[in-house]
file my_file.cif (mmCIF, C-alpha atoms and all ligand atoms)
data_final
loop_
_atom_site.group_PDB
_atom_site.id
_atom_site.type_symbol
_atom_site.label_atom_id
_atom_site.label_comp_id
_atom_site.auth_asym_id
_atom_site.auth_seq_id
_atom_site.Cartn_x
_atom_site.Cartn_y
_atom_site.Cartn_z
ATOM 1 C CA MET A 1 0.000 0.000 0.000
ATOM 2 C CA ALA A 2 1.653 3.253 -1.138
ATOM 3 C CA ARG A 3 -0.306 5.628 1.085
ATOM 4 C CA ALA A 4 -3.219 4.929 3.426
ATOM 5 C CA PRO A 5 -6.548 6.358 2.176
ATOM 6 C CA LYS A 6 -7.636 9.443 4.134
ATOM 7 C CA SER A 7 -11.397 9.475 3.421
ATOM 8 C CA LEU A 8 -14.192 6.989 2.710
ATOM 9 C CA SER A 9 -14.283 7.955 -0.982
ATOM 10 C CA GLU A 10 -10.496 7.497 -1.231
ATOM 11 C CA ALA A 11 -10.859 4.124 0.535
ATOM 12 C CA ARG A 12 -13.586 3.055 -1.919
ATOM 13 C CA ALA A 13 -11.288 3.933 -4.833
ATOM 14 C CA THR A 14 -8.244 2.208 -3.255
ATOM 15 C CA TYR A 15 -9.630 -1.154 -2.138
ATOM 16 C CA THR A 16 -10.818 -3.740 -4.628
ATOM 17 C CA THR A 17 -12.789 -5.882 -2.169
ATOM 18 C CA ASN A 18 -15.616 -5.099 0.252
ATOM 19 C CA ALA A 19 -13.725 -6.966 2.982
ATOM 20 C CA GLU A 20 -10.737 -4.582 2.766
ATOM 21 C CA LEU A 21 -13.087 -1.576 2.752
ATOM 22 C CA ALA A 22 -14.867 -2.988 5.826
ATOM 23 C CA TRP A 23 -11.488 -3.414 7.613
ATOM 24 C CA TRP A 24 -10.622 0.209 6.777
ATOM 25 C CA VAL A 25 -13.907 1.380 8.376
ATOM 26 C CA PHE A 26 -13.394 -0.993 11.329
ATOM 27 C CA MET A 27 -9.890 0.409 12.007
ATOM 28 C CA ARG A 28 -11.335 3.943 12.291
ATOM 29 C CA ILE A 29 -14.204 2.918 14.611
ATOM 30 C CA SER A 30 -12.160 0.556 16.811
ATOM 31 C CA GLY A 31 -9.321 3.092 17.045
ATOM 32 C CA LEU A 32 -11.739 5.668 18.426
ATOM 33 C CA MET A 33 -13.351 3.151 20.820
ATOM 34 C CA LEU A 34 -9.915 2.013 22.072
ATOM 35 C CA ILE A 35 -9.014 5.551 23.155
ATOM 36 C CA PHE A 36 -11.936 5.460 25.632
ATOM 37 C CA LEU A 37 -11.577 1.776 26.564
ATOM 38 C CA VAL A 38 -7.811 1.933 27.252
ATOM 39 C CA PHE A 39 -7.948 5.220 29.174
ATOM 40 C CA ALA A 40 -10.877 3.996 31.318
ATOM 41 C CA HIS A 41 -8.940 0.762 31.938
ATOM 42 C CA LEU A 42 -5.780 2.658 32.921
ATOM 43 C CA TRP A 43 -7.836 4.959 35.138
ATOM 44 C CA PHE A 44 -9.347 2.080 37.161
ATOM 45 C CA ASN A 45 -6.189 -0.062 37.380
ATOM 46 C CA ASN A 46 -3.412 2.509 37.441
ATOM 47 C CA ILE A 47 -4.507 5.998 38.434
ATOM 48 C CA ALA A 48 -7.504 5.582 40.769
ATOM 49 C CA ILE A 49 -5.445 3.001 42.710
ATOM 50 C CA ASP A 50 -1.702 2.361 43.006
ATOM 51 C CA ALA A 51 -0.877 -0.391 40.453
ATOM 52 C CA ALA A 52 1.712 -1.792 42.901
ATOM 53 C CA THR A 53 -1.126 -2.768 45.279
ATOM 54 C CA ILE A 54 -2.962 -4.907 42.675
ATOM 55 C CA ASP A 55 -3.268 -8.469 43.961
ATOM 56 C CA TYR A 56 -5.453 -11.493 43.248
ATOM 57 C CA ASP A 57 -8.150 -10.214 45.600
ATOM 58 C CA TYR A 58 -8.456 -6.889 43.743
ATOM 59 C CA VAL A 59 -8.715 -8.630 40.356
ATOM 60 C CA ALA A 60 -11.232 -11.166 41.731
ATOM 61 C CA GLN A 61 -13.377 -8.352 43.166
ATOM 62 C CA ARG A 62 -13.375 -6.510 39.846
ATOM 63 C CA LEU A 63 -14.068 -9.558 37.714
ATOM 64 C CA ALA A 64 -16.929 -10.618 40.000
ATOM 65 C CA GLN A 65 -18.853 -7.681 38.436
ATOM 66 C CA PRO A 66 -20.539 -8.572 35.104
ATOM 67 C CA GLY A 67 -20.055 -4.991 33.816
ATOM 68 C CA VAL A 68 -16.255 -5.280 34.199
ATOM 69 C CA LYS A 69 -16.274 -8.601 32.320
ATOM 70 C CA ILE A 70 -18.291 -7.107 29.450
ATOM 71 C CA PHE A 71 -16.024 -4.024 29.383
ATOM 72 C CA ASP A 72 -12.889 -6.210 29.384
ATOM 73 C CA THR A 73 -14.302 -8.431 26.610
ATOM 74 C CA PHE A 74 -14.746 -5.362 24.393
ATOM 75 C CA LEU A 75 -11.257 -4.103 25.326
ATOM 76 C CA LEU A 76 -9.735 -7.506 24.514
ATOM 77 C CA ALA A 77 -11.662 -7.947 21.236
ATOM 78 C CA PHE A 78 -10.978 -4.441 19.908
ATOM 79 C CA ALA A 79 -7.321 -4.422 21.007
ATOM 80 C CA MET A 80 -6.724 -7.826 19.346
ATOM 81 C CA LEU A 81 -8.589 -7.148 16.089
ATOM 82 C CA HIS A 82 -7.205 -3.613 15.726
ATOM 83 C CA GLY A 83 -3.639 -4.672 16.603
ATOM 84 C CA VAL A 84 -3.607 -7.843 14.491
ATOM 85 C CA ASN A 85 -5.106 -6.105 11.451
ATOM 86 C CA GLY A 86 -2.539 -3.294 11.819
ATOM 87 C CA LEU A 87 0.227 -5.899 11.923
ATOM 88 C CA ARG A 88 -1.309 -7.603 8.869
ATOM 89 C CA TYR A 89 -1.002 -4.300 6.942
ATOM 90 C CA SER A 90 2.690 -4.131 7.895
ATOM 91 C CA VAL A 91 3.253 -7.771 6.907
ATOM 92 C CA GLU A 92 1.577 -7.165 3.502
ATOM 93 C CA ASP A 93 3.797 -4.096 2.981
ATOM 94 C CA TYR A 94 7.167 -5.408 4.169
ATOM 95 C CA VAL A 95 7.301 -9.218 3.842
ATOM 96 C CA ARG A 96 7.901 -9.422 0.088
ATOM 97 C CA LYS A 97 8.275 -13.169 -0.569
ATOM 98 C CA PRO A 98 4.783 -14.776 -0.967
ATOM 99 C CA GLY A 99 5.650 -17.964 0.940
ATOM 100 C CA ARG A 100 7.226 -16.102 3.829
ATOM 101 C CA ARG A 101 4.285 -13.631 3.877
ATOM 102 C CA PHE A 102 1.785 -16.496 4.035
ATOM 103 C CA TRP A 103 3.514 -18.223 6.966
ATOM 104 C CA THR A 104 4.059 -14.941 8.842
ATOM 105 C CA LYS A 105 0.310 -14.376 8.683
ATOM 106 C CA VAL A 106 -0.463 -17.966 9.712
ATOM 107 C CA VAL A 107 1.700 -17.507 12.848
ATOM 108 C CA LEU A 108 0.176 -14.058 13.543
ATOM 109 C CA TYR A 109 -3.432 -15.340 13.325
ATOM 110 C CA ALA A 110 -2.631 -18.476 15.351
ATOM 111 C CA VAL A 111 -1.028 -16.482 18.199
ATOM 112 C CA ALA A 112 -3.880 -13.935 18.117
ATOM 113 C CA GLY A 113 -6.494 -16.726 18.194
ATOM 114 C CA VAL A 114 -4.846 -18.398 21.213
ATOM 115 C CA VAL A 115 -4.543 -15.067 23.085
ATOM 116 C CA PHE A 116 -8.168 -14.190 22.350
ATOM 117 C CA VAL A 117 -9.556 -17.594 23.414
ATOM 118 C CA LEU A 118 -7.424 -17.699 26.605
ATOM 119 C CA GLY A 119 -8.360 -14.076 27.441
ATOM 120 C CA THR A 120 -12.071 -14.714 26.957
ATOM 121 C CA MET A 121 -11.888 -17.932 29.007
ATOM 122 C CA THR A 122 -10.056 -16.069 31.765
ATOM 123 C CA LEU A 123 -12.879 -13.541 31.879
ATOM 124 C CA TRP A 124 -15.878 -15.894 31.685
ATOM 125 C CA ALA A 125 -14.940 -19.452 32.719
ATOM 126 C CA PHE A 126 -14.201 -18.860 36.422
ATOM 127 C CA SER A 127 -16.304 -17.888 39.426
ATOM 128 C CA TYR A 128 -14.311 -14.945 40.792
ATOM 129 C CA GLU A 129 -16.661 -14.694 43.795
ATOM 130 C CA GLU A 130 -15.627 -18.200 44.908
ATOM 131 C CA MET A 131 -11.966 -17.814 43.957
ATOM 132 C CA GLY A 132 -11.716 -14.443 45.747
ATOM 133 C CA ALA A 133 -13.251 -15.955 48.887
ATOM 134 C CA ALA A 134 -10.862 -18.955 48.708
ATOM 135 C CA VAL A 135 -7.811 -16.660 48.436
ATOM 136 C CA ARG A 136 -9.022 -14.500 51.359
ATOM 137 C CA ALA A 137 -9.521 -17.682 53.445
ATOM 138 C CA LEU A 138 -5.823 -18.554 52.911
ATOM 139 C CA ASN A 139 -4.617 -15.230 54.368
HETATM 140 C C1 LIG B 201 0.335 -0.670 33.442
HETATM 141 C C2 LIG B 201 -0.849 -0.632 32.888
HETATM 142 C C3 LIG B 201 -1.939 -1.644 33.142
HETATM 143 C C4 LIG B 201 -2.336 -2.221 34.338
HETATM 144 C C5 LIG B 201 -1.783 -1.965 35.747
HETATM 145 C C6 LIG B 201 -3.410 -3.141 34.005
HETATM 146 C C7 LIG B 201 -4.088 -3.938 34.939
HETATM 147 C C8 LIG B 201 -5.052 -4.870 34.657
HETATM 148 C C9 LIG B 201 -5.830 -5.637 35.616
HETATM 149 C C10 LIG B 201 -5.722 -5.517 37.142
HETATM 150 C C11 LIG B 201 -6.664 -6.467 34.937
HETATM 151 C C12 LIG B 201 -7.667 -7.445 35.549
HETATM 152 C C13 LIG B 201 -9.107 -7.116 35.258
HETATM 153 C C14 LIG B 201 -9.596 -5.713 35.486
HETATM 154 O O1 LIG B 201 -9.480 -5.205 36.612
HETATM 155 O O2 LIG B 201 -10.136 -5.129 34.539
HETATM 156 C C15 LIG B 201 -6.411 -6.245 33.513
HETATM 157 C C16 LIG B 201 -7.044 -6.897 32.469
HETATM 158 C C17 LIG B 201 -6.939 -6.562 31.128
HETATM 159 N N1 LIG B 201 -6.143 -5.567 30.585
HETATM 160 FE FE1 LIG B 201 -4.895 -4.328 31.607
HETATM 161 N N2 LIG B 201 -3.628 -3.097 32.646
HETATM 162 C C18 LIG B 201 -2.757 -2.211 32.075
HETATM 163 C C19 LIG B 201 -2.656 -1.856 30.727
HETATM 164 C C20 LIG B 201 -3.430 -2.374 29.701
HETATM 165 C C21 LIG B 201 -3.411 -1.935 28.307
HETATM 166 C C22 LIG B 201 -2.564 -0.794 27.746
HETATM 167 C C23 LIG B 201 -4.304 -2.735 27.623
HETATM 168 C C24 LIG B 201 -4.730 -2.769 26.163
HETATM 169 C C25 LIG B 201 -4.228 -2.049 25.198
HETATM 170 C C26 LIG B 201 -4.847 -3.674 28.586
HETATM 171 C C27 LIG B 201 -5.756 -4.664 28.280
HETATM 172 C C28 LIG B 201 -6.334 -5.533 29.209
HETATM 173 C C29 LIG B 201 -7.298 -6.574 28.851
HETATM 174 C C30 LIG B 201 -7.800 -6.889 27.418
HETATM 175 C C31 LIG B 201 -7.669 -7.219 30.042
HETATM 176 C C32 LIG B 201 -8.625 -8.402 30.186
HETATM 177 C C33 LIG B 201 -7.784 -9.671 30.100
HETATM 178 C C34 LIG B 201 -8.563 -10.964 29.968
HETATM 179 O O3 LIG B 201 -9.241 -11.162 28.963
HETATM 180 O O4 LIG B 201 -8.443 -11.794 30.853
HETATM 181 N N3 LIG B 201 -4.296 -3.416 29.846
HETATM 182 N N4 LIG B 201 -5.429 -5.272 33.370
#

call {"tool": "encode", "arguments": {"input": "my_file.cif", "output": "structure tokens"}}
result
Amino acid sequence: MARAPKSLSEARATYTTNAELAWWVFMRISGLMLIFLVFAHLWFNNIAIDAATIDYDYVAQRLAQPGVKIFDTFLLAFAMLHGVNGLRYSVEDYVRKPGRRFWTKVVLYAVAGVVFVLGTMTLWAFSYEEMGAAVRALN
């Protein structure tokens, strides 16, 4: 890609498939959403409290709230899709040999898939109420 399109009409003229046009739109929307999601996340975990005091109990208390899980799922999904698609653009631009480009993307998607599945399981597969209580009982 010589130069990234700056407007929707430029994007329509640049991309030959609807999928690439949809990714272009998605990158603009998710980029905007991530500004709010990441700053809210940093506020709650870094500024409103001292990050050095974060322990299992704090995380368990936060993840016992359904709203935090939903928020974190959006943060995870947008950060992964936005980041992986951005990396895909770089791979398309810089990895010139077709075979090497193909395998670079296979590794990128595989790692992203594993991170996304593990992250989503971490958020939804455990009872943080019970695990928080069990950790407090140990202390
Ligand atoms: C030093 C800075 C950061 C600290 C101290 C921090 C801390 C935490 C903590 C305590 C949690 C547990 C759940 C919660 O309370 O929401 C968490 C989860 C999470 N954080 Fe951060 N965070 C930091 C930066 C970031 C950044 C920059 C991003 C994304 C660009 C991010 C993405 C996430 C995601 C996606 C989860 C959910 C993980 C999962 O699916 O299990 N964090 N973080």

call {"tool": "resolve_selection", "arguments": {"input": "my_file.cif", "expression": "the PyMOL selection byres (((chain A and resi 17-29) around 9) and not hetatm)", "output": "NGL selection string"}}
result
:A and (5 or 8 or 11-12 or 14-16 or 30-34 or 81-82 or 85-86)

call {"tool": "residues_around", "arguments": {"input": "my_file.cif", "residues": "A:Leu37", "least_positions_apart": "3", "cutoff": "9 Å", "atoms": "only C-alpha atoms", "output": "ChimeraX atom specification"}}
result
/A:33-34,40-42,71-72,74-75

call {"tool": "residues_near_ligand", "arguments": {"input": "my_file.cif", "ligand": "ligand LIG 201 (chain B)", "cutoff": "7 Å", "atoms": "only C-alpha atoms and all ligand atoms", "output": "PyMOL selection string"}}
result
chain A and resi 38+41-42+45-46+51+54+59+62-63+68+72-73+75-76+79+119-120+122-123

call {"tool": "closest_residue", "arguments": {"input": "my_file.cif", "among": "A:Val135, A:Lys105, A:Phe39, A:Ala60", "to": "A:Val84", "atoms": "only C-alpha atoms"}}
result
A:Lys105

call {"tool": "residues_around", "arguments": {"input": "my_file.cif", "residues": "A:Ala64", "least_positions_apart": "5", "cutoff": "9 Å", "atoms": "all atoms listed in the file", "output": "mmCIF file with C-alpha atoms, in the frame of the given file"}}
result
data_model
loop_
_atom_site.group_PDB
_atom_site.id
_atom_site.type_symbol
_atom_site.label_atom_id
_atom_site.label_comp_id
_atom_site.auth_asym_id
_atom_site.auth_seq_id
_atom_site.Cartn_x
_atom_site.Cartn_y
_atom_site.Cartn_z
ATOM 1 C CA VAL A 59 -8.715 -8.630 40.356
ATOM 2 C CA LYS A 69 -16.274 -8.601 32.320
ATOM 3 C CA SER A 127 -16.304 -17.888 39.426
ATOM 4 C CA TYR A 128 -14.311 -14.945 40.792
ATOM 5 C CA GLU A 129 -16.661 -14.694 43.795
ATOM 6 C CA GLY A 132 -11.716 -14.443 45.747
#

call {"tool": "atom_distance", "arguments": {"input": "my_file.cif", "atom1": "atom CA of A:Asp93", "atom2": "atom CA of A:Ile35"}}
result
25.8 Å
